[in-house]
Amino acid sequence: MSPSDTAPSANAGTLTAPVVYFDGRQATAHPVRLVLTGGRLHILGDAPDGPIALDHEARRLTWPERQRHGPRVMLLPGGGQLQCTDGAAWDRWAAHHQLGRSLAVRLQQSWRGTAAALVLCLAVLGIGYTHGLPAVAGVVLWKLPTSVDATLGEAALAEIDTRWLAPSRVPLAQQARLRDALANALQRHAQATGEPVPTWQLHFHRSRDKVPGANAFALPGGTIVVTDELVELLNDREDVLLGVLAHEMGHVRHRHGMRQVVQSGLLGAIGGVLLGDVSSVIGSVPVLLGHLAYSRAFERQADDEAIALLRAGGVSPAVMTVLFERLQQRNEGQDPDSSPLSIAFASHPPDAERIARFQAATTDTTTGNRNSH
Amino acid sequence: MEQDLVEPPAAARTLPIRFTASGSEYFRIWIVNLLLMICTLGLYTPFAKARQLRYFHENTLIDGAPLAFHGDPWRMLRGYLLVGGAALVYAALSHFWPLAGAALLLLMAPAWPWLMRSALRFRLGQTSWRGLRMRFEGSVADAYRVFWPIAVPLAITIVTQALIAPTAEADEAADAVEAAAPSLAMLGLMGIATFSTVCMAPWIHWRLKVYQHNHYALADEHTRLEGVRGWDFYKVQLGLLGVSLLCSLVIGALVALTMFVVPAALVVVGPVLYLLLLAVAYAYMTGRFQDLVWGHTRSAHVQFHSRLSVSSLTWLTLKNSLLTAITLGLYWPFAAVATTRMRLSAVSIEVSRPVEQLIGEARDAAADATGEAAGDLLGFDVAL
């Protein structure tokens, strides 16, 4: 290589900044010259024990990323490395030959790119949370046989029974009446829409203490439990009771209990991976947060079922406002979240939105029997 | 001190250490890493780790020459998946069956010294200076020798804690006196085991540091940790206790004062003072241990010194914590760079022979990356 040959193209191929070469066997620094021609990187210099003349295919090498400060270090196959303290000159030279610019580097080179990355981060997280997670949980649930639901539900009922429930004092005749009302509504709904009737069992229990009080809840596998207190609260309005049972039936039909378990588990696992910590308290915070948010969507679905079954049973959905009023009177001054059962009816004090939906639903029944949504 | 210098003392000089990283640049790397990690549900993590290590290494200039990181992210991915899978299994298991979880922990715990050594070998083996790779030369057997005294008390602590948890719940429902009796003996055993584990911890920590610092190597320089005894580690812990108590008293007084004067301000003052306590504890531990351990590390021609100012580190840590909290975590990259800069500028390296004379040894570069992944996933920091 004669230094007097200074055609413009050869100049652009030569890096005009001091570069040092280490051969990986000794700590001696060898000043070298780097030339890029014909897709190959030539490393040329003089060492005490002979001249240095290496070359590698440029695209095969791992080019260092562009930075503002600091030196550039390029590792060579074969154990040597190149170091250049003038980072800016190196970057210009490498960029001129379209080297060393991966997507990651290009994103982080500009503040606009970085800001976009940040916004994208949050967007992906948000969408994944609201849509992605339920979708994945849905797939998992689809694969999960319903026998798993039944086993989980039995275990849960046994646990809840031991802690909070006692044998019911509701007259058997009333129990039978309520069961028949629900069965009839389900039958008519099934005939009208073709949707199958899910497996269900209705249990009546008395509440041992203030918890769960006047309440109803559904467990995986189709077990619906109604407390004596709730039956007494609505003793004169069995049509409203039907609405409550229908609401719980909504949870059963859509497997909300199982879905809750799967989604919480997934959220905990993903949160743990992202936060780099699988078993600490921090990992369980996303689960707790997700717990509350998902229940809203489930309640809406269950309300839809209540509206549909009430109509099928010839009852106006607006009667549910009676229940909401009575519950509010009863729970005046009490913390609505005192129930440890997240999916229990009374854990979610009805807000104006839910009441409005029930009232709006009545306008359809006045024009005769209509198919529910 | 033994005179094993070959060159005359005139060749002795101090290598300057410079850290050229900037917080804003690392922030950009960090944000892009975060985005890619989220999009790939965590699979990008080894690649992110490699980029981060490369950035920190290449911006650490010792005597004008940067460190280089050689780690291959694809090998790190393999180790990461292995350890990640094991961690997920453990978390799932312990959620449903705490006793099985404890059993799994006991089964995996014996692998810990091996994993730690692997992480050290990987981290050092993938680091080079002036083209020469560093090495960790500690043996597996020595790694286990570090931990064996604490193995039995730790095992008993884990088992008794797992057994006691469900027993406590059964007490509420069963309401029987017989349920209390085994609890008492168990509680006693757990108490003794936990107490002995805690008392032994500084001693084991010292054994670990001796193991680590006796086996670092670059070319034909092999480090040793000289002049540090186990008691020195207890002194640091006792010092920490004293400093924390003192700090707590001051903070308590300040909190009481605020409550009497401006109770509303407690919402702000309280957390700030708590962060101050944490900052003091962290700075004291980090500073004292860094000075103690690195200040006594030397090899045939290299002597390390460390003089970290605990008060400077305290204020820096407090500032970092406050800003990180206020910015919901976005300040973290800046904090990391600032802390690393302060810790590096406290270190100086004295050499008594020309560095160009270092000659590397031929060795196999295929160190196992599994240990590195374990250290990262389980939060264990093997950073020098």
# chains A, B, ... in the order shown; residues from 1 in each chain; ligands from 1
>>> residues_around(residues="Leu75 in chain A", least_positions_apart="4", cutoff="8 Å", atoms="only C-alpha atoms", output="count of residues only")
7
>>> residues_around(residues="Leu233 in chain A", least_positions_apart="3", cutoff="9 Å", atoms="only C-alpha atoms", output="list in words")
Ala214, Asp228, Glu229, Leu230, Asp236, Arg237, Leu323, Arg326 and Leu327 of chain A
>>> closest_atom_pairs(of="chain B", to="chain A", cutoff="6 Å", atoms="only C-alpha atoms", output="Markdown table")
| residue | atom | partner | partner_atom | distance |
| --- | --- | --- | --- | --- |
| B:Thr20 | CA | A:Gly70 | CA | 5.5 |
| B:Arg28 | CA | A:Gln108 | CA | 5.2 |
| B:Leu35 | CA | A:Cys121 | CA | 5.0 |
| B:Gly42 | CA | A:Leu274 | CA | 6.0 |
| B:Asn59 | CA | A:Gly70 | CA | 5.4 |
| B:Ala91 | CA | A:Ser279 | CA | 5.8 |
| B:Arg130 | CA | A:Ala27 | CA | 5.4 |
| B:Gly131 | CA | A:Gly24 | CA | 4.4 |
| B:Leu132 | CA | A:Gly24 | CA | 5.2 |
| B:Glu356 | CA | A:Thr28 | CA | 4.7 |
| B:Leu358 | CA | A:Ala27 | CA | 5.3 |
| B:Ile359 | CA | A:Gln26 | CA | 4.5 |
| B:Gly360 | CA | A:Arg25 | CA | 4.9 |
| B:Leu377 | CA | A:Gly276 | CA | 5.8 |
>>> write_last_selection(atoms="N, CA, C and O atoms", output="mmCIF file, in the first residue's frame")
data_model
loop_
_atom_site.group_PDB
_atom_site.id
_atom_site.type_symbol
_atom_site.label_atom_id
_atom_site.label_comp_id
_atom_site.auth_asym_id
_atom_site.auth_seq_id
_atom_site.Cartn_x
_atom_site.Cartn_y
_atom_site.Cartn_z
ATOM 1 N N THR B 20 -16.303 7.304 31.194
ATOM 2 C CA THR B 20 -16.790 8.295 30.240
ATOM 3 C C THR B 20 -18.269 8.136 29.902
ATOM 4 O O THR B 20 -18.772 8.776 28.994
ATOM 5 N N ARG B 28 -30.983 6.359 26.909
ATOM 6 C CA ARG B 28 -31.508 5.969 25.600
ATOM 7 C C ARG B 28 -31.315 4.479 25.348
ATOM 8 O O ARG B 28 -32.194 3.800 24.822
ATOM 9 N N LEU B 35 -38.151 -1.377 25.835
ATOM 10 C CA LEU B 35 -39.175 -1.592 24.815
ATOM 11 C C LEU B 35 -39.050 -2.977 24.198
ATOM 12 O O LEU B 35 -40.019 -3.719 24.078
ATOM 13 N N GLY B 42 -39.763 -10.489 27.592
ATOM 14 C CA GLY B 42 -38.625 -10.829 28.431
ATOM 15 C C GLY B 42 -37.529 -11.609 27.741
ATOM 16 O O GLY B 42 -36.445 -11.760 28.297
ATOM 17 N N ASN B 59 -16.762 2.117 28.452
ATOM 18 C CA ASN B 59 -16.589 3.467 28.946
ATOM 19 C C ASN B 59 -15.749 3.534 30.213
ATOM 20 O O ASN B 59 -15.622 4.587 30.813
ATOM 21 N N ALA B 91 -41.841 -20.543 41.696
ATOM 22 C CA ALA B 91 -42.864 -19.579 42.108
ATOM 23 C C ALA B 91 -44.246 -20.210 42.059
ATOM 24 O O ALA B 91 -45.050 -20.053 42.973
ATOM 25 N N ARG B 130 -6.762 -4.282 27.358
ATOM 26 C CA ARG B 130 -5.615 -4.300 26.451
ATOM 27 C C ARG B 130 -5.524 -5.656 25.741
ATOM 28 O O ARG B 130 -4.442 -6.180 25.517
ATOM 29 N N GLY B 131 -6.677 -6.221 25.410
ATOM 30 C CA GLY B 131 -6.692 -7.452 24.631
ATOM 31 C C GLY B 131 -6.522 -8.715 25.451
ATOM 32 O O GLY B 131 -6.729 -9.814 24.941
ATOM 33 N N LEU B 132 -6.168 -8.604 26.741
ATOM 34 C CA LEU B 132 -5.961 -9.799 27.545
ATOM 35 C C LEU B 132 -7.196 -10.088 28.381
ATOM 36 O O LEU B 132 -7.711 -9.217 29.066
ATOM 37 N N GLU B 356 2.802 -2.896 29.448
ATOM 38 C CA GLU B 356 2.975 -3.532 28.150
ATOM 39 C C GLU B 356 3.608 -4.899 28.277
ATOM 40 O O GLU B 356 3.546 -5.710 27.354
ATOM 41 N N LEU B 358 2.724 -7.303 30.189
ATOM 42 C CA LEU B 358 1.816 -8.388 30.526
ATOM 43 C C LEU B 358 1.671 -9.341 29.342
ATOM 44 O O LEU B 358 1.481 -8.910 28.211
ATOM 45 N N ILE B 359 1.786 -10.631 29.636
ATOM 46 C CA ILE B 359 1.614 -11.615 28.569
ATOM 47 C C ILE B 359 0.492 -12.545 28.958
ATOM 48 O O ILE B 359 0.480 -13.104 30.052
ATOM 49 N N GLY B 360 -0.464 -12.705 28.046
ATOM 50 C CA GLY B 360 -1.621 -13.534 28.346
ATOM 51 C C GLY B 360 -1.304 -15.009 28.308
ATOM 52 O O GLY B 360 -0.272 -15.435 27.809
ATOM 53 N N LEU B 377 -31.151 -13.033 37.123
ATOM 54 C CA LEU B 377 -32.569 -13.281 37.337
ATOM 55 C C LEU B 377 -32.923 -13.252 38.817
ATOM 56 O O LEU B 377 -33.974 -12.793 39.213
#
>>> residues_around(residues="range 351-365 of chain A", least_positions_apart="4", cutoff="9 Å", atoms="only C-alpha atoms", output="ChimeraX atom specification")
/A:300,303-304,307,311,314-321,324,369-370
>>> residues_around(residues="Leu344 in chain B", least_positions_apart="3", cutoff="9 Å", atoms="only C-alpha atoms", output="VMD selection string")
chain B and resid 17 to 19 60 306 339 to 341 347 to 348
>>> select_by_dssp(residues="range 28-146 of chain A", states="alpha helix (DSSP H)", output="PyMOL selection string")
chain A and resi 87-96+103-109+111-127+133-143+146
>>> closest_residue(among="A:His131, A:His96, A:Arg177, A:His56", to="Ala297 in chain A", atoms="only C-alpha atoms")
A:His131
>>> closest_atom_pairs(of="range 54-116 of chain B", to="range 148-152 of chain B", cutoff="12 Å", atoms="only C-alpha atoms", output="CSV")
residue,atom,partner,partner_atom,distance
B:Leu106,CA,B:Ala151,CA,10.0
B:Ala109,CA,B:Ala151,CA,9.1
B:Pro110,CA,B:Ala151,CA,8.6
B:Ala111,CA,B:Ala151,CA,12.0
B:Trp112,CA,B:Ala151,CA,11.1
B:Pro113,CA,B:Trp148,CA,9.8
>>> write_last_selection(atoms="all heavy atoms", output="mmCIF file, in the first residue's frame")
data_model
loop_
_atom_site.group_PDB
_atom_site.id
_atom_site.type_symbol
_atom_site.label_atom_id
_atom_site.label_comp_id
_atom_site.auth_asym_id
_atom_site.auth_seq_id
_atom_site.Cartn_x
_atom_site.Cartn_y
_atom_site.Cartn_z
ATOM 1 N N LEU B 106 -34.759 -26.179 48.842
ATOM 2 C CA LEU B 106 -33.691 -26.950 49.457
ATOM 3 C C LEU B 106 -32.941 -27.780 48.423
ATOM 4 O O LEU B 106 -31.740 -27.977 48.526
ATOM 5 C CB LEU B 106 -34.262 -27.876 50.531
ATOM 6 C CG LEU B 106 -34.570 -27.222 51.871
ATOM 7 C CD1 LEU B 106 -35.157 -28.235 52.826
ATOM 8 C CD2 LEU B 106 -33.299 -26.627 52.468
ATOM 9 N N ALA B 109 -30.900 -25.181 46.343
ATOM 10 C CA ALA B 109 -29.905 -24.404 47.092
ATOM 11 C C ALA B 109 -28.486 -24.954 46.952
ATOM 12 O O ALA B 109 -27.548 -24.175 46.814
ATOM 13 C CB ALA B 109 -30.305 -24.322 48.571
ATOM 14 N N PRO B 110 -28.281 -26.270 46.984
ATOM 15 C CA PRO B 110 -26.903 -26.761 46.852
ATOM 16 C C PRO B 110 -26.246 -26.362 45.540
ATOM 17 O O PRO B 110 -25.026 -26.371 45.447
ATOM 18 C CB PRO B 110 -27.059 -28.288 46.920
ATOM 19 C CG PRO B 110 -28.301 -28.497 47.673
ATOM 20 C CD PRO B 110 -29.198 -27.369 47.307
ATOM 21 N N ALA B 111 -27.054 -26.010 44.525
ATOM 22 C CA ALA B 111 -26.457 -25.593 43.252
ATOM 23 C C ALA B 111 -25.907 -24.184 43.336
ATOM 24 O O ALA B 111 -25.172 -23.744 42.455
ATOM 25 C CB ALA B 111 -27.496 -25.678 42.144
ATOM 26 N N TRP B 112 -26.271 -23.452 44.385
ATOM 27 C CA TRP B 112 -25.949 -22.034 44.449
ATOM 28 C C TRP B 112 -24.448 -21.720 44.368
ATOM 29 O O TRP B 112 -24.047 -20.874 43.567
ATOM 30 C CB TRP B 112 -26.577 -21.413 45.699
ATOM 31 C CG TRP B 112 -26.339 -19.964 45.785
ATOM 32 C CD1 TRP B 112 -25.611 -19.312 46.715
ATOM 33 C CD2 TRP B 112 -26.779 -18.981 44.838
ATOM 34 N NE1 TRP B 112 -25.585 -17.968 46.421
ATOM 35 C CE2 TRP B 112 -26.284 -17.741 45.278
ATOM 36 C CE3 TRP B 112 -27.528 -19.042 43.669
ATOM 37 C CZ2 TRP B 112 -26.536 -16.560 44.592
ATOM 38 C CZ3 TRP B 112 -27.774 -17.862 42.989
ATOM 39 C CH2 TRP B 112 -27.274 -16.652 43.453
ATOM 40 N N PRO B 113 -23.609 -22.359 45.146
ATOM 41 C CA PRO B 113 -22.174 -22.039 45.034
ATOM 42 C C PRO B 113 -21.640 -22.298 43.628
ATOM 43 O O PRO B 113 -20.829 -21.532 43.121
ATOM 44 C CB PRO B 113 -21.507 -22.958 46.069
ATOM 45 C CG PRO B 113 -22.578 -23.264 47.040
ATOM 46 C CD PRO B 113 -23.838 -23.309 46.236
#
>>> atom_distance(atom1="CA of Pro77 in chain A", atom2="CA of Arg133 in chain B")
14.4 Å
